[in-house]
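For reference, work19.txt (compact mmCIF, C-alpha atoms and all ligand atoms):
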```txt
# COMPACT_ATOMS: atom_id res chain seq x y z
CA MET A 149 -0.06 34.45 18.29
CA GLU A 150 0.45 35.53 14.66
CA SER A 151 -2.73 35.58 12.55
CA LYS A 152 -1.45 33.23 9.84
CA GLU A 153 -3.95 30.72 8.49
CA ILE A 154 -3.25 27.13 9.50
CA TYR A 155 -3.88 24.31 7.04
CA LYS A 156 -4.26 21.54 9.61
CA GLY A 157 -3.13 18.23 8.15
CA LEU A 158 -2.32 20.15 4.94
CA ALA A 159 -5.93 19.39 3.95
CA GLY A 160 -6.74 20.86 0.57
CA VAL A 161 -3.25 22.37 0.13
CA PRO A 162 -1.45 21.63 -3.16
CA VAL A 163 2.29 21.49 -2.43
CA ASP A 164 3.75 20.59 -5.83
CA TYR A 165 2.99 19.30 -9.30
CA THR A 166 3.11 15.61 -10.12
CA ALA A 167 2.86 13.75 -13.41
CA VAL A 168 2.73 10.33 -11.75
CA SER A 169 -1.00 10.13 -11.07
CA SER A 170 -4.10 12.27 -10.65
CA VAL A 171 -6.84 11.69 -8.12
CA ASN A 172 -10.06 13.28 -9.35
CA PRO A 173 -12.88 13.17 -6.81
CA GLU A 174 -15.20 15.17 -9.14
CA SER A 175 -15.10 12.48 -11.81
CA ASN A 176 -14.38 9.75 -9.25
CA SER A 177 -11.31 8.69 -11.18
CA LEU A 178 -7.70 7.80 -10.58
CA LEU A 179 -5.32 8.05 -13.52
CA TYR A 180 -1.79 6.63 -13.55
CA ARG A 181 0.20 8.71 -16.06
CA GLY A 182 -3.16 9.48 -17.71
CA TYR A 183 -4.54 5.91 -17.81
CA PRO A 184 -7.64 5.04 -15.73
CA VAL A 185 -6.59 2.59 -13.05
CA GLN A 186 -9.60 0.38 -13.81
CA GLU A 187 -8.32 -0.18 -17.37
CA LEU A 188 -4.84 -0.95 -16.07
CA ALA A 189 -6.25 -3.39 -13.50
CA GLU A 190 -8.19 -5.14 -16.23
CA ARG A 191 -5.50 -5.37 -18.88
CA CYS A 192 -2.01 -5.07 -17.37
CA SER A 193 0.30 -7.01 -15.11
CA TYR A 194 1.55 -5.24 -11.99
CA GLU A 195 5.03 -5.38 -13.55
CA GLN A 196 3.80 -3.37 -16.57
CA VAL A 197 2.07 -0.86 -14.30
CA ALA A 198 5.29 -0.42 -12.32
CA LEU A 199 7.19 0.39 -15.52
CA LEU A 200 4.44 2.85 -16.49
CA LEU A 201 4.70 4.63 -13.14
CA TRP A 202 8.50 4.82 -13.23
CA ASN A 203 8.99 5.63 -16.92
CA GLY A 204 5.84 7.57 -17.79
CA GLU A 205 4.82 5.26 -20.66
CA LEU A 206 3.55 1.71 -20.88
CA PRO A 207 6.41 -0.67 -21.68
CA THR A 208 6.91 -2.34 -25.03
CA ASP A 209 6.90 -6.14 -25.07
CA ASP A 210 10.72 -6.12 -25.08
CA GLU A 211 10.84 -3.79 -22.08
CA THR A 212 8.32 -5.97 -20.24
CA ALA A 213 10.38 -9.08 -20.96
CA GLU A 214 13.62 -7.40 -19.90
CA PHE A 215 12.08 -6.28 -16.60
CA ALA A 216 10.63 -9.75 -16.02
CA ARG A 217 14.17 -11.15 -16.34
CA PHE A 218 15.58 -8.54 -13.95
CA GLU A 219 12.80 -9.06 -11.41
CA ARG A 220 13.18 -12.85 -11.44
CA GLU A 221 16.97 -12.59 -11.03
CA HIS A 222 16.64 -10.34 -7.98
CA ARG A 223 13.93 -12.19 -6.03
CA ALA A 224 16.06 -14.22 -3.65
CA LEU A 225 17.08 -12.66 -0.33
CA GLU A 226 20.73 -12.33 0.63
CA PRO A 227 21.63 -14.80 3.44
CA GLN A 228 22.79 -11.84 5.52
CA LEU A 229 19.33 -10.25 5.32
CA LYS A 230 17.64 -13.52 6.24
CA SER A 231 19.82 -13.97 9.30
CA LEU A 232 19.19 -10.40 10.32
CA ILE A 233 15.42 -10.91 10.05
CA ASP A 234 15.87 -14.08 12.13
CA THR A 235 17.29 -12.00 14.98
CA LEU A 236 13.98 -10.10 15.24
CA PRO A 237 11.37 -11.54 17.59
CA THR A 238 8.50 -13.32 15.84
CA SER A 239 6.22 -11.04 17.87
CA ALA A 240 7.53 -8.03 15.89
CA HIS A 241 4.88 -6.44 13.71
CA PRO A 242 5.59 -7.42 10.07
CA MET A 243 5.65 -3.72 9.14
CA ASP A 244 8.59 -3.29 11.52
CA VAL A 245 10.30 -6.24 9.87
CA VAL A 246 9.71 -4.81 6.39
CA ARG A 247 10.92 -1.37 7.48
CA THR A 248 14.08 -2.93 8.92
CA ALA A 249 14.61 -5.04 5.79
CA VAL A 250 14.45 -2.00 3.51
CA SER A 251 16.96 -0.26 5.73
CA VAL A 252 19.29 -3.29 5.63
CA ILE A 253 18.98 -3.60 1.84
CA GLY A 254 19.95 0.08 1.64
CA ALA A 255 22.88 -0.28 4.01
CA SER A 256 24.18 -3.27 2.02
CA ASP A 257 23.93 -1.63 -1.41
CA GLU A 258 27.17 -0.09 -2.63
CA THR A 259 25.22 2.29 -4.87
CA THR A 260 23.06 3.77 -2.09
CA GLU A 261 24.82 7.14 -2.19
CA ASP A 262 24.52 7.40 -5.98
CA ASN A 263 21.44 9.58 -6.28
CA SER A 264 21.37 9.64 -10.09
CA ALA A 265 18.06 8.79 -11.75
CA GLU A 266 19.63 5.70 -13.41
CA ALA A 267 20.97 4.29 -10.13
CA ASN A 268 17.71 5.07 -8.30
CA LEU A 269 15.61 3.30 -10.91
CA VAL A 270 17.71 0.16 -10.44
CA LYS A 271 17.24 0.44 -6.66
CA ALA A 272 13.47 0.83 -7.14
CA LYS A 273 13.39 -2.31 -9.30
CA ARG A 274 15.45 -4.26 -6.77
CA LEU A 275 13.12 -3.30 -3.93
CA PHE A 276 10.17 -4.28 -6.12
CA ALA A 277 11.74 -7.71 -6.65
CA GLN A 278 12.85 -8.27 -3.04
CA LEU A 279 9.87 -7.13 -0.99
CA PRO A 280 7.69 -10.18 -1.80
CA ALA A 281 10.43 -12.45 -0.48
CA VAL A 282 10.74 -10.34 2.69
CA VAL A 283 6.98 -10.39 3.32
CA ALA A 284 6.61 -14.12 2.57
CA TYR A 285 9.74 -15.02 4.58
CA ASP A 286 8.46 -13.16 7.64
CA GLN A 287 4.96 -14.62 7.47
CA ARG A 288 6.34 -18.17 7.21
CA ARG A 289 8.91 -17.74 9.98
CA ARG A 290 6.21 -16.37 12.32
CA HIS A 291 4.21 -19.54 11.71
CA GLY A 292 7.22 -21.83 12.05
CA GLN A 293 6.96 -22.88 8.40
CA GLU A 294 9.80 -23.82 6.05
CA VAL A 295 11.00 -21.02 3.82
CA VAL A 296 9.88 -21.35 0.20
CA THR A 297 12.38 -20.26 -2.42
CA PRO A 298 11.22 -18.16 -5.40
CA ARG A 299 10.42 -19.79 -8.74
CA ASP A 300 11.48 -18.02 -11.89
CA ASP A 301 8.89 -19.76 -14.07
CA LEU A 302 6.16 -17.77 -12.28
CA ASP A 303 5.24 -14.12 -12.71
CA TYR A 304 5.35 -11.63 -9.84
CA SER A 305 1.87 -12.34 -8.43
CA GLN A 306 2.06 -16.12 -8.90
CA ASN A 307 5.49 -16.22 -7.30
CA PHE A 308 4.47 -14.00 -4.37
CA LEU A 309 1.63 -16.41 -3.52
CA TRP A 310 3.93 -19.38 -4.11
CA MET A 311 6.53 -18.03 -1.64
CA ALA A 312 3.82 -17.20 0.92
CA PHE A 313 1.96 -20.53 0.80
CA GLY A 314 4.25 -23.08 -0.85
CA GLU A 315 1.67 -24.04 -3.45
CA GLU A 316 0.55 -22.65 -6.78
CA ALA A 317 -2.45 -20.39 -6.38
CA ALA A 318 -5.64 -20.75 -8.44
CA PRO A 319 -6.07 -18.25 -11.31
CA GLU A 320 -8.92 -16.43 -9.45
CA VAL A 321 -6.60 -15.89 -6.49
CA VAL A 322 -3.67 -14.74 -8.62
CA ASP A 323 -5.94 -12.33 -10.44
CA ALA A 324 -7.38 -10.77 -7.27
CA PHE A 325 -3.83 -10.38 -5.95
CA ARG A 326 -2.62 -8.73 -9.17
CA VAL A 327 -5.61 -6.34 -9.11
CA SER A 328 -4.84 -5.36 -5.52
CA MET A 329 -1.20 -4.63 -6.40
CA VAL A 330 -2.22 -2.44 -9.36
CA LEU A 331 -4.82 -0.53 -7.32
CA TYR A 332 -2.55 -0.02 -4.32
CA ALA A 333 0.48 1.00 -6.40
CA GLU A 334 -0.02 4.75 -6.46
CA HIS A 335 -2.24 7.53 -5.11
CA SER A 336 -0.52 10.91 -5.50
CA PHE A 337 0.46 12.82 -2.33
CA ASN A 338 -0.92 10.41 0.30
CA ALA A 339 0.81 10.47 3.71
CA SER A 340 3.45 7.82 2.96
CA THR A 341 4.30 9.15 -0.51
CA PHE A 342 4.55 12.65 0.90
CA THR A 343 6.87 11.28 3.59
CA ALA A 344 9.05 9.74 0.88
CA ARG A 345 9.13 13.06 -0.98
CA VAL A 346 10.03 15.02 2.18
CA ILE A 347 12.95 12.68 2.80
CA ALA A 348 14.06 12.77 -0.85
CA SER A 349 13.84 16.58 -0.79
CA THR A 350 16.72 16.67 1.71
CA THR A 351 18.80 14.77 -0.93
CA ALA A 352 18.85 11.67 1.30
CA ASP A 353 19.02 8.35 -0.57
CA LEU A 354 16.06 6.42 -2.00
CA TYR A 355 16.23 3.68 0.64
CA SER A 356 15.89 6.28 3.41
CA ALA A 357 12.83 7.68 1.65
CA VAL A 358 11.24 4.23 1.35
CA THR A 359 12.10 3.30 4.95
CA GLY A 360 10.33 6.46 6.14
CA ALA A 361 7.38 5.78 3.85
CA VAL A 362 6.94 2.28 5.33
CA GLY A 363 6.75 3.90 8.77
CA ALA A 364 4.07 6.34 7.58
CA LEU A 365 2.05 3.57 5.95
CA LYS A 366 1.90 1.54 9.15
CA GLY A 367 -0.65 3.75 10.90
CA ALA A 368 -4.31 2.72 10.96
CA LEU A 369 -5.43 6.03 9.40
CA HIS A 370 -3.40 5.05 6.30
CA GLY A 371 -2.22 1.58 5.22
CA GLY A 372 -2.80 -0.05 8.59
CA ALA A 373 -6.53 0.22 7.87
CA ASN A 374 -6.60 -2.97 5.76
CA GLU A 375 -5.41 -4.93 8.79
CA ALA A 376 -7.86 -3.05 11.03
CA VAL A 377 -10.79 -3.99 8.74
CA MET A 378 -10.14 -7.64 9.47
CA HIS A 379 -10.09 -7.00 13.22
CA THR A 380 -13.47 -5.31 12.80
CA PHE A 381 -14.83 -8.30 10.86
CA ALA A 382 -13.54 -10.66 13.54
CA GLU A 383 -15.20 -8.56 16.25
CA ILE A 384 -18.54 -8.40 14.42
CA GLY A 385 -18.50 -12.09 13.47
CA SER A 386 -21.46 -12.21 11.10
CA ALA A 387 -23.92 -10.00 9.24
CA GLU A 388 -26.67 -10.21 11.86
CA ASN A 389 -24.37 -8.61 14.44
CA VAL A 390 -23.64 -5.53 12.30
CA VAL A 391 -26.47 -3.33 13.63
CA PRO A 392 -25.77 -3.77 17.38
CA TRP A 393 -22.01 -3.54 16.75
CA LEU A 394 -22.43 -0.31 14.80
CA ASP A 395 -24.83 1.16 17.39
CA ASP A 396 -22.18 0.63 20.01
CA ALA A 397 -19.27 1.85 17.82
CA LEU A 398 -21.06 5.05 16.87
CA ALA A 399 -22.24 5.69 20.43
CA ASN A 400 -18.58 5.44 21.47
CA LYS A 401 -17.45 7.67 18.56
CA LYS A 402 -15.27 4.91 17.19
CA LYS A 403 -13.76 5.28 13.74
CA ILE A 404 -14.77 2.48 11.43
CA MET A 405 -11.64 1.36 9.64
CA GLY A 406 -11.74 1.04 5.87
CA PHE A 407 -14.21 3.92 5.56
CA GLY A 408 -13.71 7.57 4.68
CA HIS A 409 -11.02 9.31 2.70
CA ARG A 410 -9.28 12.66 2.81
CA VAL A 411 -9.80 13.29 -0.90
CA TYR A 412 -12.76 11.17 -2.01
CA LYS A 413 -15.91 12.18 -0.17
CA HIS A 414 -18.37 10.36 -2.46
CA GLY A 415 -16.67 6.99 -2.81
CA ASP A 416 -13.15 5.76 -3.55
CA SER A 417 -12.68 5.21 -7.31
CA ARG A 418 -10.71 2.01 -6.66
CA VAL A 419 -13.34 0.22 -4.58
CA PRO A 420 -15.62 -1.16 -7.35
CA THR A 421 -12.66 -2.84 -9.10
CA MET A 422 -11.28 -4.33 -5.88
CA GLN A 423 -14.73 -5.37 -4.74
CA ALA A 424 -15.36 -7.18 -8.04
CA ALA A 425 -12.05 -9.06 -7.64
CA MET A 426 -13.00 -9.89 -4.03
CA GLU A 427 -16.39 -11.20 -5.19
CA ARG A 428 -14.70 -13.45 -7.77
CA MET A 429 -12.47 -14.78 -4.98
CA ILE A 430 -15.47 -15.32 -2.71
CA ALA A 431 -17.25 -17.27 -5.45
CA HIS A 432 -14.08 -19.35 -5.81
CA VAL A 433 -13.58 -20.11 -2.11
CA GLY A 434 -17.31 -20.21 -1.21
CA ARG A 435 -17.42 -17.69 1.65
CA GLU A 436 -20.71 -15.92 0.91
CA ASP A 437 -21.06 -15.24 4.65
CA MET A 438 -18.13 -12.84 4.43
CA LEU A 439 -19.68 -11.06 1.46
CA GLU A 440 -22.89 -10.63 3.43
CA LEU A 441 -21.03 -9.12 6.37
CA TYR A 442 -19.06 -6.87 3.99
CA ARG A 443 -22.20 -5.58 2.27
CA THR A 444 -24.27 -5.18 5.44
CA LEU A 445 -21.62 -3.10 7.22
CA ALA A 446 -20.98 -0.91 4.14
CA ASP A 447 -24.71 -0.28 3.51
CA GLU A 448 -25.55 0.34 7.14
CA PHE A 449 -22.63 2.73 7.72
CA LEU A 450 -23.34 4.65 4.51
CA GLU A 451 -27.00 5.02 5.46
CA ARG A 452 -26.22 6.28 8.95
CA LYS A 453 -23.13 8.46 8.35
CA GLY A 454 -22.95 9.02 4.58
CA ILE A 455 -19.36 7.70 4.60
CA TYR A 456 -18.16 5.38 1.83
CA PRO A 457 -15.62 2.51 1.98
CA ASN A 458 -12.05 3.09 0.81
CA LEU A 459 -9.75 0.60 -0.94
CA ASP A 460 -8.71 -1.01 2.33
CA TYR A 461 -12.27 -2.22 2.92
CA PRO A 462 -12.40 -4.80 0.10
CA ALA A 463 -8.62 -5.42 0.18
CA GLY A 464 -8.59 -6.68 3.79
CA PRO A 465 -11.11 -9.53 3.34
CA THR A 466 -9.54 -10.40 -0.04
CA TYR A 467 -6.14 -10.95 1.56
CA HIS A 468 -7.77 -12.90 4.40
CA LEU A 469 -9.50 -15.24 1.95
CA MET A 470 -6.18 -15.77 0.15
CA GLY A 471 -4.78 -17.11 3.41
CA PHE A 472 -2.53 -14.23 4.50
CA ASP A 473 -2.50 -13.65 8.23
CA THR A 474 -3.93 -10.27 9.25
CA PRO A 475 -0.65 -8.53 10.26
CA THR A 476 0.72 -9.27 6.75
CA PHE A 477 -1.92 -7.13 5.01
CA THR A 478 -0.14 -3.78 5.33
CA PRO A 479 3.21 -5.25 4.17
CA LEU A 480 1.33 -6.35 1.02
CA PHE A 481 0.36 -2.71 0.58
CA VAL A 482 4.09 -1.85 0.91
CA ALA A 483 4.95 -4.28 -1.90
CA ALA A 484 2.51 -2.40 -4.10
CA ARG A 485 3.08 1.20 -3.01
CA VAL A 486 6.87 0.90 -3.26
CA THR A 487 6.31 1.50 -6.95
CA GLY A 488 4.50 4.79 -6.39
CA TRP A 489 6.91 5.90 -3.67
CA THR A 490 9.96 5.36 -5.85
CA ALA A 491 8.31 7.00 -8.90
CA HIS A 492 7.72 10.04 -6.67
CA VAL A 493 11.29 10.00 -5.36
CA LEU A 494 12.53 10.06 -8.96
CA GLU A 495 10.16 12.96 -9.72
CA GLN A 496 11.13 14.87 -6.57
CA ASN A 497 14.83 14.48 -7.34
CA ALA A 498 14.36 15.64 -10.93
CA ASN A 499 12.98 19.00 -9.81
CA ASN A 500 13.86 19.31 -6.17
CA ALA A 501 13.02 21.94 -3.58
CA LEU A 502 13.52 21.22 0.10
CA ILE A 503 10.09 20.58 1.69
CA ARG A 504 9.99 22.68 4.80
CA PRO A 505 6.65 24.22 5.81
CA LEU A 506 6.11 26.84 8.50
CA SER A 507 4.49 26.50 11.88
CA VAL A 508 2.75 29.12 13.99
CA TYR A 509 4.15 29.25 17.50
CA ASN A 510 1.53 29.08 20.26
CA GLY A 511 3.74 28.42 23.30
CA PRO A 512 4.63 30.82 26.13
CA GLU A 513 5.67 34.43 25.35
CA GLU A 514 9.43 35.06 25.42
CA ARG A 515 10.65 34.69 28.99
CA HIS A 516 14.01 34.65 30.76
CA LEU A 517 15.73 32.61 33.41
N1 LIG B 601 -15.46 6.21 10.87
C1 LIG B 601 -16.22 7.09 11.58
N2 LIG B 601 -16.26 8.40 11.32
C2 LIG B 601 -15.52 8.84 10.30
C3 LIG B 601 -14.73 8.00 9.52
C4 LIG B 601 -14.71 6.65 9.84
N3 LIG B 601 -13.97 5.78 9.14
N4 LIG B 601 -14.09 8.71 8.58
C5 LIG B 601 -14.48 9.98 8.76
N5 LIG B 601 -15.33 10.06 9.80
C6 LIG B 601 -15.98 11.26 10.32
C7 LIG B 601 -15.03 11.94 11.30
O1 LIG B 601 -15.22 11.47 12.61
C8 LIG B 601 -15.43 13.37 11.13
O2 LIG B 601 -16.64 13.58 11.82
P1 LIG B 601 -16.91 14.96 12.61
O3 LIG B 601 -16.87 16.03 11.55
O4 LIG B 601 -18.23 14.75 13.23
O5 LIG B 601 -15.77 15.10 13.57
C9 LIG B 601 -15.73 13.49 9.66
O6 LIG B 601 -16.14 12.19 9.25
C10 LIG B 601 -14.52 13.93 8.84
O7 LIG B 601 -13.49 12.99 9.08
P2 LIG B 601 -11.97 13.35 9.22
O8 LIG B 601 -11.28 12.24 9.94
O9 LIG B 601 -11.79 14.72 9.78
O10 LIG B 601 -11.57 13.38 7.71
P3 LIG B 601 -10.14 13.30 7.17
O11 LIG B 601 -10.20 13.75 5.76
O12 LIG B 601 -9.16 13.97 8.04
O13 LIG B 601 -9.85 11.75 7.33
C11 LIG B 601 -9.45 9.50 7.10
C12 LIG B 601 -9.74 10.82 6.37
C13 LIG B 601 -8.26 9.69 8.05
C14 LIG B 601 -9.09 8.44 6.07
C15 LIG B 601 -10.70 9.09 7.92
O14 LIG B 601 -11.80 8.95 7.06
C16 LIG B 601 -10.44 7.83 8.73
O15 LIG B 601 -9.90 7.90 9.83
N6 LIG B 601 -10.85 6.65 8.19
C17 LIG B 601 -10.58 5.39 8.84
C18 LIG B 601 -9.16 4.91 8.55
C19 LIG B 601 -9.00 4.42 7.14
O16 LIG B 601 -9.81 3.66 6.63
N7 LIG B 601 -7.89 4.83 6.51
C20 LIG B 601 -7.56 4.40 5.15
C21 LIG B 601 -7.43 5.58 4.23
S1 LIG B 601 -7.39 5.13 2.53
C22 LIG B 601 -5.95 4.26 2.27
O17 LIG B 601 -4.97 4.38 2.98
C23 LIG B 601 -5.94 3.31 1.09
```

Would you mind writing the structure in this file as structure tokens?
Amino acid sequence: MESKEIYKGLAGVPVDYTAVSSVNPESNSLLYRGYPVQELAERCSYEQVALLLWNGELPTDDETAEFARFEREHRALEPQLKSLIDTLPTSAHPMDVVRTAVSVIGASDETTEDNSAEANLVKAKRLFAQLPAVVAYDQRRRHGQEVVTPRDDLDYSQNFLWMAFGEEAAPEVVDAFRVSMVLYAEHSFNASTFTARVIASTTADLYSAVTGAVGALKGALHGGANEAVMHTFAEIGSAENVVPWLDDALANKKKIMGFGHRVYKHGDSRVPTMQAAMERMIAHVGREDMLELYRTLADEFLERKGIYPNLDYPAGPTYHLMGFDTPTFTPLFVAARVTGWTAHVLEQNANNALIRPLSVYNGPEERHL
């Protein structure tokens, strides 16, 4: 075997520059185009953050209003897409439905092969507008509920919750949802964004890149962790069961979902903001028992293993308390991260080099038949 160094999982290997966001474990910060994500989560709509990530600057009021018009006009799903989703079994994982929907939207778009930055930005905005309807449609059909059509008097977050539940959400709920979208929107070269960039680097179209990214996000080591957190909570049941549950999990070398991070080793910079939004939701819905379970597991695991929660840990229970069913959690992450993915596709295309790493062969020596 050659004596080349292997960077397993590409851990610690910078593969390109990006101006979209910076993850800084030393200062425990995450900046979108230079702005701390906490400030954006406090002061901006998700729509404004999306424009910041795509364009590099915060939008003016006119640009915000123009995008709001575009987004509202593109919310409704094409009948053809709805009937295609209807052909999928209701047992299909919602991430498979979302992945299929993105692929169908791409196959139905006449501009798919136009890889110019202008055309790709329009595609990114269309996906942004359509994904809430896909996610809400699938959740409702799985529960045998009537489809709720979008309302153009509501903003993105209000309308998403409206389409999912058929009633207007309380301001505390809308706010926690908006915060989750802002925090989930972008995180540099995470596995799904890197997947999108690899696909874009071949000059394939934006929809192919997003379809691949959805696939990468599904896994429990990445976006699937927010769903897995809720399974853990269901298994544990209540705070007093945390210690015996954890004893058993650690004895069996189980990974505790929603904890740990490849980059942050001393806490995920997004957690305090998401946790605060979750706590406001909990105060609103009156589920202090869930907060107790949340805190007990986090404290106990940190004390025993020195491992901190990541964003998925507060996001999972927040989505549960909003009323989303557990398999819908990772599709909600898709609706947020589509912004980051597409900003990265635009960046990759603007300065492209095919992404093609090396491997070190460790199979049998050359042999002959
Ligand atoms: N539960 C138990 N042990 C853990 C956890 C965890 N959640 N996370 C890390 N560890 C342990 C590992 O077992 C390993 O221990 P060892 O050295 O004794 O073998 C050590 O900490 C290092 O962990 P790695 O998995 O090697 O670290 P890596 O940087 O590769 O992994 C990852 C990061 C994949 C996120 C990991 O922490 C994990 O699997 N977490 C659970 C899944 C999860 O929550 N993913 C969401 C990521 S964030 C996001 O997508 C928003």

Enclose the full set of atoms of ligand LIG 601 (chain B) listed in the file within a box whose edges lie along x, y and z, apply 8 Å of padding to each of the six sides, and report centre and edge lengths in Å to one decimal as lines of an AutoDock Vina configuration file.
```
center_x = -11.6
center_y = 9.7
center_z = 7.3
size_x = 29.3
size_y = 28.7
size_z = 28.5
```

- [ ] For Val282 of chain A, list every protein, DNA or RNA residue within 12 Å, evaluated using all atoms listed in the file, and leave out those in the same chain fewer than 4 positions away; present the list as a PyMOL selection string.
- [x] chain A and resi 223-227+229-234+242-250+252-253+275-278+286-289+295-298+308+311-312+476+479-480+482-483

Could you tell me how far atom P2 of ligand LIG 601 (chain B) lies from atom CA of Tyr332 of chain A, in Å and to one decimal?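 It comes out at 21.2 Å.
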
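Closest approach to ligand LIG 601 (chain B) from the set A:Gly314, A:Gly182, A:Gly371, A:Pro280 is made by A:Gly371, with distances taken over all atoms listed in the file.
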
Q: Please identify every polymer residue within 7 Å of ligand LIG 601 (chain B), using only C-alpha atoms and all ligand atoms, and present the set as a ChimeraX atom specification.
A: /A:368-371,373,402-411,455,458-460

Atom CA of Thr259 of chain A sits from atom CA of Ile503 of chain A at a separation of 24.6 Å

Residues of segment 417-516 of chain A that approach segment 391-398 of chain A to 9 Å or less, counting only C-alpha atoms: could you list each one with the shortest pair of atoms and its distance in Å to one decimal, rows by chain and increasing residue number, as a tab-separated table?
```
residue	atom	partner	partner_atom	distance
A:Thr444	CA	A:Val391	CA	8.7
A:Leu445	CA	A:Val391	CA	8.0
A:Glu448	CA	A:Val391	CA	7.5
A:Phe449	CA	A:Leu394	CA	7.7
```

N, CA and C atoms for segment 164-175 of chain A, written as a short mmCIF file (atom, residue, chain, number, x, y, z; two decimals), in the coordinates of the input, could you do that?
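The resulting selection_32.cif:
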```cif
data_model
loop_
_atom_site.label_atom_id
_atom_site.label_comp_id
_atom_site.auth_asym_id
_atom_site.auth_seq_id
_atom_site.Cartn_x
_atom_site.Cartn_y
_atom_site.Cartn_z
N ASP A 164 2.86 20.68 -4.66
CA ASP A 164 3.75 20.59 -5.83
C ASP A 164 2.95 19.98 -6.99
N TYR A 165 3.56 19.99 -8.14
CA TYR A 165 2.99 19.30 -9.30
C TYR A 165 3.42 17.83 -9.24
N THR A 166 2.65 16.98 -9.88
CA THR A 166 3.11 15.61 -10.12
C THR A 166 2.54 15.12 -11.44
N ALA A 167 3.34 14.36 -12.17
CA ALA A 167 2.86 13.75 -13.41
C ALA A 167 2.67 12.24 -13.23
N VAL A 168 2.81 11.78 -11.98
CA VAL A 168 2.73 10.33 -11.75
C VAL A 168 1.28 9.86 -11.79
N SER A 169 0.41 10.53 -11.04
CA SER A 169 -1.00 10.13 -11.07
C SER A 169 -1.87 11.32 -10.73
N SER A 170 -3.16 11.23 -11.09
CA SER A 170 -4.10 12.27 -10.65
C SER A 170 -5.32 11.61 -10.02
N VAL A 171 -5.67 12.16 -8.86
CA VAL A 171 -6.84 11.69 -8.12
C VAL A 171 -7.92 12.73 -8.36
N ASN A 172 -9.04 12.31 -8.96
CA ASN A 172 -10.06 13.28 -9.35
C ASN A 172 -11.39 12.94 -8.69
N PRO A 173 -11.65 13.51 -7.50
CA PRO A 173 -12.88 13.17 -6.81
C PRO A 173 -14.13 13.60 -7.58
N GLU A 174 -14.02 14.70 -8.39
CA GLU A 174 -15.20 15.17 -9.14
C GLU A 174 -15.67 14.10 -10.12
N SER A 175 -14.72 13.49 -10.83
CA SER A 175 -15.10 12.48 -11.81
C SER A 175 -14.94 11.07 -11.23
#
```
